[in-house]
Structures are given as C-alpha cells and as structure tokens.
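**Student:** Hey, dropping structure.tsv in here, TSV, C-alpha atoms:
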```
chain	number	residue	atom	x	y	z
A	1	MET	CA	10.74	29.47	13.85
A	2	ASN	CA	9.55	25.99	12.82
A	3	ILE	CA	10.86	24.73	9.48
A	4	MET	CA	8.29	22.88	7.38
A	5	GLN	CA	9.27	19.25	6.83
A	6	ARG	CA	9.69	18.36	3.18
A	7	TYR	CA	8.69	15.01	1.69
A	8	ALA	CA	9.44	13.28	-1.63
A	9	ALA	CA	6.76	10.65	-2.32
A	10	TYR	CA	7.50	7.39	-4.11
A	11	LEU	CA	4.48	5.47	-5.45
A	12	ARG	CA	4.84	2.03	-6.99
A	13	VAL	CA	2.58	-0.62	-8.44
A	14	SER	CA	3.69	-4.00	-9.70
A	15	THR	CA	1.66	-4.39	-12.89
A	16	LYS	CA	0.70	-2.34	-15.90
A	17	ALA	CA	-2.95	-3.12	-15.19
A	18	GLN	CA	-2.73	-1.32	-11.86
A	19	LYS	CA	-1.24	1.68	-13.62
A	20	LEU	CA	-4.03	1.73	-16.17
A	21	ASP	CA	-6.88	1.55	-13.68
A	22	GLY	CA	-5.19	4.11	-11.47
A	23	LEU	CA	-6.46	2.55	-8.25
A	24	GLY	CA	-3.09	1.47	-6.92
A	25	MET	CA	-1.44	4.82	-7.56
A	26	SER	CA	-4.39	6.97	-6.48
A	27	SER	CA	-4.89	5.13	-3.20
A	28	GLN	CA	-1.19	5.42	-2.35
A	29	GLU	CA	-1.22	9.12	-3.23
A	30	GLN	CA	-4.24	9.64	-0.95
A	31	VAL	CA	-2.53	7.90	1.97
A	32	VAL	CA	0.69	9.87	1.47
A	33	GLY	CA	-1.17	13.17	1.06
A	34	ASP	CA	-3.17	12.62	4.25
A	35	PHE	CA	-0.01	11.78	6.19
A	36	VAL	CA	1.89	14.85	4.98
A	37	ALA	CA	-1.11	17.07	5.74
A	38	ARG	CA	-1.33	15.74	9.31
A	39	GLN	CA	2.36	16.49	9.78
A	40	GLY	CA	1.95	20.01	8.40
A	41	GLY	CA	4.60	19.14	5.81
A	42	GLU	CA	5.19	19.89	2.14
A	43	LEU	CA	5.42	17.53	-0.83
A	44	VAL	CA	8.34	18.54	-3.05
A	45	GLY	CA	7.70	15.80	-5.59
A	46	ILE	CA	5.68	12.69	-6.40
A	47	PHE	CA	7.47	9.92	-8.29
A	48	ARG	CA	5.43	7.09	-9.84
A	49	GLU	CA	6.70	3.75	-11.10
A	50	VAL	CA	5.35	0.47	-12.45
A	51	GLU	CA	7.96	-2.08	-11.56
A	52	SER	CA	8.71	-5.28	-9.70
A	53	GLY	CA	9.46	-4.87	-6.01
A	54	ALA	CA	12.30	-7.36	-6.26
A	55	LYS	CA	14.40	-4.99	-8.35
A	56	THR	CA	16.94	-2.54	-6.94
A	57	ASP	CA	17.05	1.21	-7.34
A	58	GLN	CA	19.33	0.91	-10.42
A	59	ASP	CA	16.44	-0.85	-12.21
A	60	ARG	CA	13.89	1.74	-11.10
A	61	PRO	CA	14.63	5.24	-12.45
A	62	ALA	CA	11.69	6.89	-10.66
A	63	LEU	CA	12.97	5.68	-7.30
A	64	SER	CA	16.50	6.82	-8.14
A	65	GLU	CA	15.08	10.25	-9.02
A	66	ALA	CA	13.08	10.36	-5.79
A	67	LEU	CA	16.21	9.59	-3.76
A	68	ALA	CA	18.21	12.24	-5.62
A	69	VAL	CA	15.55	14.90	-5.04
A	70	ALA	CA	15.25	13.92	-1.38
A	71	LYS	CA	19.00	14.38	-0.93
A	72	LYS	CA	19.06	17.69	-2.80
A	73	MET	CA	16.01	19.16	-1.03
A	74	LYS	CA	16.88	17.64	2.37
A	75	ALA	CA	13.50	15.94	2.21
A	76	THR	CA	12.21	12.71	3.68
A	77	LEU	CA	11.39	9.88	1.27
A	78	ILE	CA	7.81	8.81	1.99
A	79	VAL	CA	5.93	5.70	0.85
A	80	ALA	CA	2.40	4.52	1.61
A	81	LYS	CA	3.46	1.00	2.63
A	82	LEU	CA	6.78	-0.60	3.37
A	83	ASP	CA	6.34	-3.21	0.63
A	84	ARG	CA	5.75	-0.40	-1.88
A	85	LEU	CA	9.38	0.54	-1.38
A	86	SER	CA	10.79	-2.91	-1.93
A	87	ARG	CA	10.72	-6.51	-0.76
A	88	ASN	CA	14.42	-6.76	-1.43
A	89	ALA	CA	16.33	-6.92	1.85
A	90	GLU	CA	19.66	-5.94	0.30
A	91	PHE	CA	18.17	-2.76	-1.15
A	92	LEU	CA	16.44	-1.72	2.07
A	93	LEU	CA	19.62	-2.28	4.03
A	94	ARG	CA	21.48	-0.03	1.59
A	95	LEU	CA	18.80	2.58	2.10
A	96	GLN	CA	19.24	2.16	5.84
A	97	ASN	CA	22.87	3.19	5.47
A	98	SER	CA	22.21	6.09	3.11
A	99	ASN	CA	21.83	9.74	4.06
A	100	VAL	CA	18.16	9.84	3.06
A	101	SER	CA	15.56	9.88	5.80
A	102	PHE	CA	12.42	7.90	5.06
A	103	VAL	CA	9.01	7.19	6.51
A	104	CYS	CA	6.34	4.60	5.76
A	105	CYS	CA	2.76	5.73	6.38
A	106	ASP	CA	1.72	2.29	7.64
A	107	CYS	CA	4.77	2.04	9.95
A	108	PRO	CA	5.58	5.66	10.95
A	109	ASN	CA	7.71	4.53	13.89
A	110	VAL	CA	10.09	2.50	11.73
A	111	ASP	CA	13.62	3.89	11.99
A	112	LYS	CA	17.06	2.98	10.70
A	113	PHE	CA	17.44	0.35	13.41
A	114	THR	CA	14.16	-1.51	12.87
A	115	VAL	CA	13.97	-1.29	9.08
A	116	GLY	CA	16.73	-3.88	8.78
A	117	ILE	CA	14.62	-6.42	10.63
A	118	LEU	CA	11.53	-5.56	8.62
A	119	ALA	CA	13.52	-5.82	5.40
A	120	LEU	CA	14.63	-9.35	6.21
A	121	VAL	CA	11.07	-10.33	7.12
A	122	ALA	CA	9.76	-8.85	3.85
A	123	GLN	CA	12.41	-10.67	1.85
A	124	ARG	CA	11.56	-13.98	3.52
A	125	GLU	CA	7.86	-13.40	2.89
A	126	ARG	CA	8.52	-12.93	-0.82
A	127	GLU	CA	10.60	-16.11	-0.93
A	128	LEU	CA	7.92	-18.13	0.90
A	129	ILE	CA	5.19	-16.91	-1.46
A	130	SER	CA	7.30	-18.04	-4.42
A	131	GLU	CA	8.03	-21.42	-2.81
A	132	ARG	CA	4.36	-22.07	-1.97
A	133	THR	CA	3.27	-21.12	-5.49
A	134	LYS	CA	5.78	-23.47	-7.11
A	135	ALA	CA	4.84	-26.31	-4.74
A	136	ALA	CA	1.14	-25.84	-5.45
A	137	LEU	CA	1.70	-25.89	-9.23
A	138	GLN	CA	3.82	-29.02	-9.02
A	139	ALA	CA	1.20	-30.77	-6.87
A	140	ALA	CA	-1.51	-29.82	-9.36
A	141	LYS	CA	0.53	-31.23	-12.25
A	142	ARG	CA	1.02	-34.52	-10.39
A	143	ARG	CA	-2.75	-34.79	-9.98
A	144	GLY	CA	-3.13	-34.36	-13.72
A	145	LYS	CA	-4.74	-30.95	-13.47
A	146	VAL	CA	-4.47	-28.84	-16.61
A	147	LEU	CA	-2.99	-25.51	-15.60
A	148	GLY	CA	-4.34	-22.33	-17.08
A	149	SER	CA	-7.85	-21.45	-18.14
A	150	ARG	CA	-9.35	-22.94	-21.29
A	151	ASN	CA	-11.83	-20.08	-21.29
A	152	PRO	CA	-9.97	-16.92	-20.20
A	153	VAL	CA	-13.03	-14.70	-20.72
A	154	LEU	CA	-15.09	-16.84	-18.34
A	155	GLN	CA	-12.21	-16.86	-15.87
A	156	VAL	CA	-12.09	-13.05	-15.84
A	157	LEU	CA	-15.86	-12.89	-15.34
A	158	ARG	CA	-15.60	-15.25	-12.38
A	159	MET	CA	-12.78	-13.21	-10.86
A	160	ASN	CA	-14.79	-9.99	-11.24
A	161	GLU	CA	-17.83	-11.64	-9.65
A	162	GLY	CA	-15.69	-12.83	-6.75
A	163	CYS	CA	-14.37	-9.30	-6.20
A	164	ARG	CA	-17.89	-7.90	-6.33
A	165	ARG	CA	-19.16	-10.37	-3.73
A	166	ALA	CA	-16.20	-9.70	-1.45
A	167	LYS	CA	-16.86	-5.96	-1.65
A	168	GLU	CA	-20.56	-6.39	-0.91
A	169	SER	CA	-19.77	-8.62	2.07
A	170	PHE	CA	-17.35	-6.07	3.49
A	171	MET	CA	-19.82	-3.21	3.00
A	172	SER	CA	-22.62	-5.14	4.75
A	173	GLU	CA	-20.36	-5.74	7.74
A	174	ILE	CA	-18.86	-2.25	8.09
A	175	ARG	CA	-22.00	-0.14	7.53
A	176	PRO	CA	-23.65	-1.17	10.87
A	177	VAL	CA	-20.41	-0.29	12.67
A	178	ILE	CA	-20.33	3.16	11.08
A	179	ALA	CA	-24.01	3.64	11.91
A	180	GLU	CA	-23.30	2.76	15.55
A	181	ILE	CA	-20.41	5.27	15.63
A	182	LYS	CA	-22.64	7.97	14.16
A	183	SER	CA	-25.35	7.24	16.74
A	184	SER	CA	-22.82	8.11	19.46
A	185	GLY	CA	-22.56	11.63	18.05
A	186	VAL	CA	-19.56	11.24	15.75
A	187	ASP	CA	-20.59	12.36	12.27
A	188	THR	CA	-17.48	13.74	10.53
A	189	LEU	CA	-15.52	11.59	8.11
A	190	GLN	CA	-12.30	12.11	10.09
A	191	GLY	CA	-14.05	11.32	13.37
A	192	ILE	CA	-15.49	8.07	12.01
A	193	ALA	CA	-12.09	7.10	10.56
A	194	ASP	CA	-10.43	7.74	13.93
A	195	CYS	CA	-13.00	5.60	15.76
A	196	LEU	CA	-12.55	2.71	13.32
A	197	ASN	CA	-8.77	2.88	13.65
A	198	ARG	CA	-8.94	2.97	17.47
A	199	ARG	CA	-11.09	-0.15	17.40
A	200	GLY	CA	-8.50	-1.93	15.30
A	201	ILE	CA	-10.86	-2.34	12.35
A	202	ARG	CA	-9.02	-2.36	9.03
A	203	SER	CA	-10.26	-0.91	5.76
A	204	ARG	CA	-11.13	-3.20	2.86
A	205	SER	CA	-7.53	-2.90	1.58
A	206	GLY	CA	-6.22	-3.91	5.00
A	207	GLY	CA	-4.90	-0.46	5.91
A	208	LEU	CA	-5.95	2.39	8.14
A	209	TRP	CA	-9.14	4.36	7.64
A	210	HIS	CA	-9.06	7.88	6.19
A	211	PRO	CA	-11.85	10.35	5.40
A	212	SER	CA	-11.72	9.28	1.75
A	213	THR	CA	-12.21	5.57	2.57
A	214	VAL	CA	-15.10	6.35	4.91
A	215	ARG	CA	-16.67	8.52	2.20
A	216	ARG	CA	-16.50	5.67	-0.32
A	217	VAL	CA	-18.35	3.36	2.07
A	218	ARG	CA	-21.03	5.96	2.77
A	219	LEU	CA	-21.54	6.81	-0.89
A	220	THR	CA	-21.54	3.25	-2.21
A	221	PRO	CA	-25.14	2.11	-2.79
A	222	ALA	CA	-26.33	-0.51	-0.29
```
Translate the structure of the given file into structure tokens.

**Tutor:**
Amino acid sequence: MNIMQRYAAYLRVSTKAQKLDGLGMSSQEQVVGDFVARQGGELVGIFREVESGAKTDQDRPALSEALAVAKKMKATLIVAKLDRLSRNAEFLLRLQNSNVSFVCCDCPNVDKFTVGILALVAQRERELISERTKAALQAAKRRGKVLGSRNPVLQVLRMNEGCRRAKESFMSEIRPVIAEIKSSGVDTLQGIADCLNRRGIRSRSGGLWHPSTVRRVRLTPA
C-alpha cells in the first residue's frame, strides 16, 4: 500500500508590504499547492513569515515551527523557491545535515549533495548585490547626485506606471503565443501551461507556468 507523502510548507516574504498585498504569499502558496497536488501528497501545515532571508532559523519562529512539525510528522519541508528558504549559506548547510527532508518547487531535483553548492552560490549572489548597491550609491554621491526622492508621491506614481507598462508589454508578447498553442488544439489551462514550460518560456515572475498563471493572462483585459 502506498503511503501518502506529507509536506510542511514554508512561505516567506521579505517586506511588510508584500504581506499586506498578499501577492507574495498567495503566489507561493499556489506554486506549493500545485506541486503537492501533482505528487498526490498531503499538506500538514502552512507556515508564513515576513522576515529577511539573511537571518537564521533562530530569528524566524515560523521556520523553526515548520521544521519541528516536519520532524514530528515525518514530512518534507517544501518551499516555492530556493531563495524563499534562505540566502544564508551557513543556514542551508545546517539544513543539509539535519534529519528533515526538503524540496524546492523550482528545483525539485535538488538533494542534500547539491544544495550545498546552491547555498554558496545564493550567498555569493546576496553579497554581490550588496556590493554593487553600495558602489552605485558611492558613485552617485561623487557625482553630486542627491540621493532619495524629493517628491516621494511622484516617485511612487512613476514606479507604478513602470510596473503597469512592463505588465502590458509582457501580456502583448505572451498572448500571441498562447493563441498559437490554442490553434494547435490545446485549450486547457494545464495543457497551455505545459506547452509554455516545454518551450522554455517563463512566466512574468520568472517561474514556471501553472493553470492559475495562464488563467490570469487570459482574463486580463487586452
């Protein structure tokens, strides 16, 4: 008799704003739910946290709780993306040596041998981002540029307009592709998502396509 695989989901966003709008959490929950459903598994708990990825599990009570439940229930810790778990190499290496199995939806083939390499790469990426940001700020100061916005309201409006234009550009590019897939006889949301993934086309967030992401494209007004 097959035993249903249990999963404990850990969802994390880095800012309070992401928690308030719900987009970060809800998209991660959708990815995790789709993955568990495809595996025929069972979610024994969903643990949500708003915290910096650079912190360790001692600084993140929701993650500590997720690990404890995973151990107790003999469940696999599941996250939507590897960087949702942490960008701290030391922490990921400790997880590697723990008794908790884990899976990342965007890297399902990652195991205890490869996660160490990925952890080091993620840590270096975080360090490089910080170094580039500091260098850019210092260069701007040397040029006499005043840092910060003198009109924060206008700055927010410009940012929102930029996001809107980026979304419209993506939609205009992906809709013809979906139309071409449908013309070949594929009309289900899952079928369209599978075709897009096989072609190596990423969703607007840079991840894999799912029925929910295809639905959003189809329902968004042109």

**Student:** Just to confirm, what's the straight-line distance from CA of Gln5 in chain A to CA of Val103 in chain A in Å (one decimal)?

**Tutor:**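 One can read the CA of Gln5 in chain A to CA of Val103 in chain A distance as 12.1 Å.
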
**Student:** Out of A:Ala62, A:Leu92, A:Val69, A:Ile3, which residue has the shortest atom-to-atom distance to Ile117 in chain A when counting all atoms listed in the file?

**Tutor:**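 Closest to Ile117 in chain A, using all atoms listed in the file: A:Leu92.
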
**Student:** Set the distance at 8 Å and use only C-alpha atoms: which residues neighbour range 175-188 of chain A once local chain neighbours fewer than 5 positions away are removed? I'd like the list as a short mmCIF file (atom, residue, chain, number, x, y, z; two decimals) with C-alpha atoms, keeping the file's coordinate frame.

**Tutor:**
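Result file is around_38.cif:
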```
data_model
loop_
_atom_site.label_atom_id
_atom_site.label_comp_id
_atom_site.auth_asym_id
_atom_site.auth_seq_id
_atom_site.Cartn_x
_atom_site.Cartn_y
_atom_site.Cartn_z
CA CYS A 195 -13.00 5.60 15.76
CA VAL A 217 -18.35 3.36 2.07
CA ARG A 218 -21.03 5.96 2.77
#
```

**Student:** Quick one, how far is CA of Leu43 in chain A from CA of Tyr7 in chain A?

**Tutor:**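 These two atoms are separated by 4.8 Å.
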
**Student:** Please compute the CA of Gly45 in chain A-CA of Gln96 in chain A distance, one decimal, in Å.

**Tutor:**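 For CA of Gly45 in chain A relative to CA of Gln96 in chain A, the distance reads 21.2 Å.
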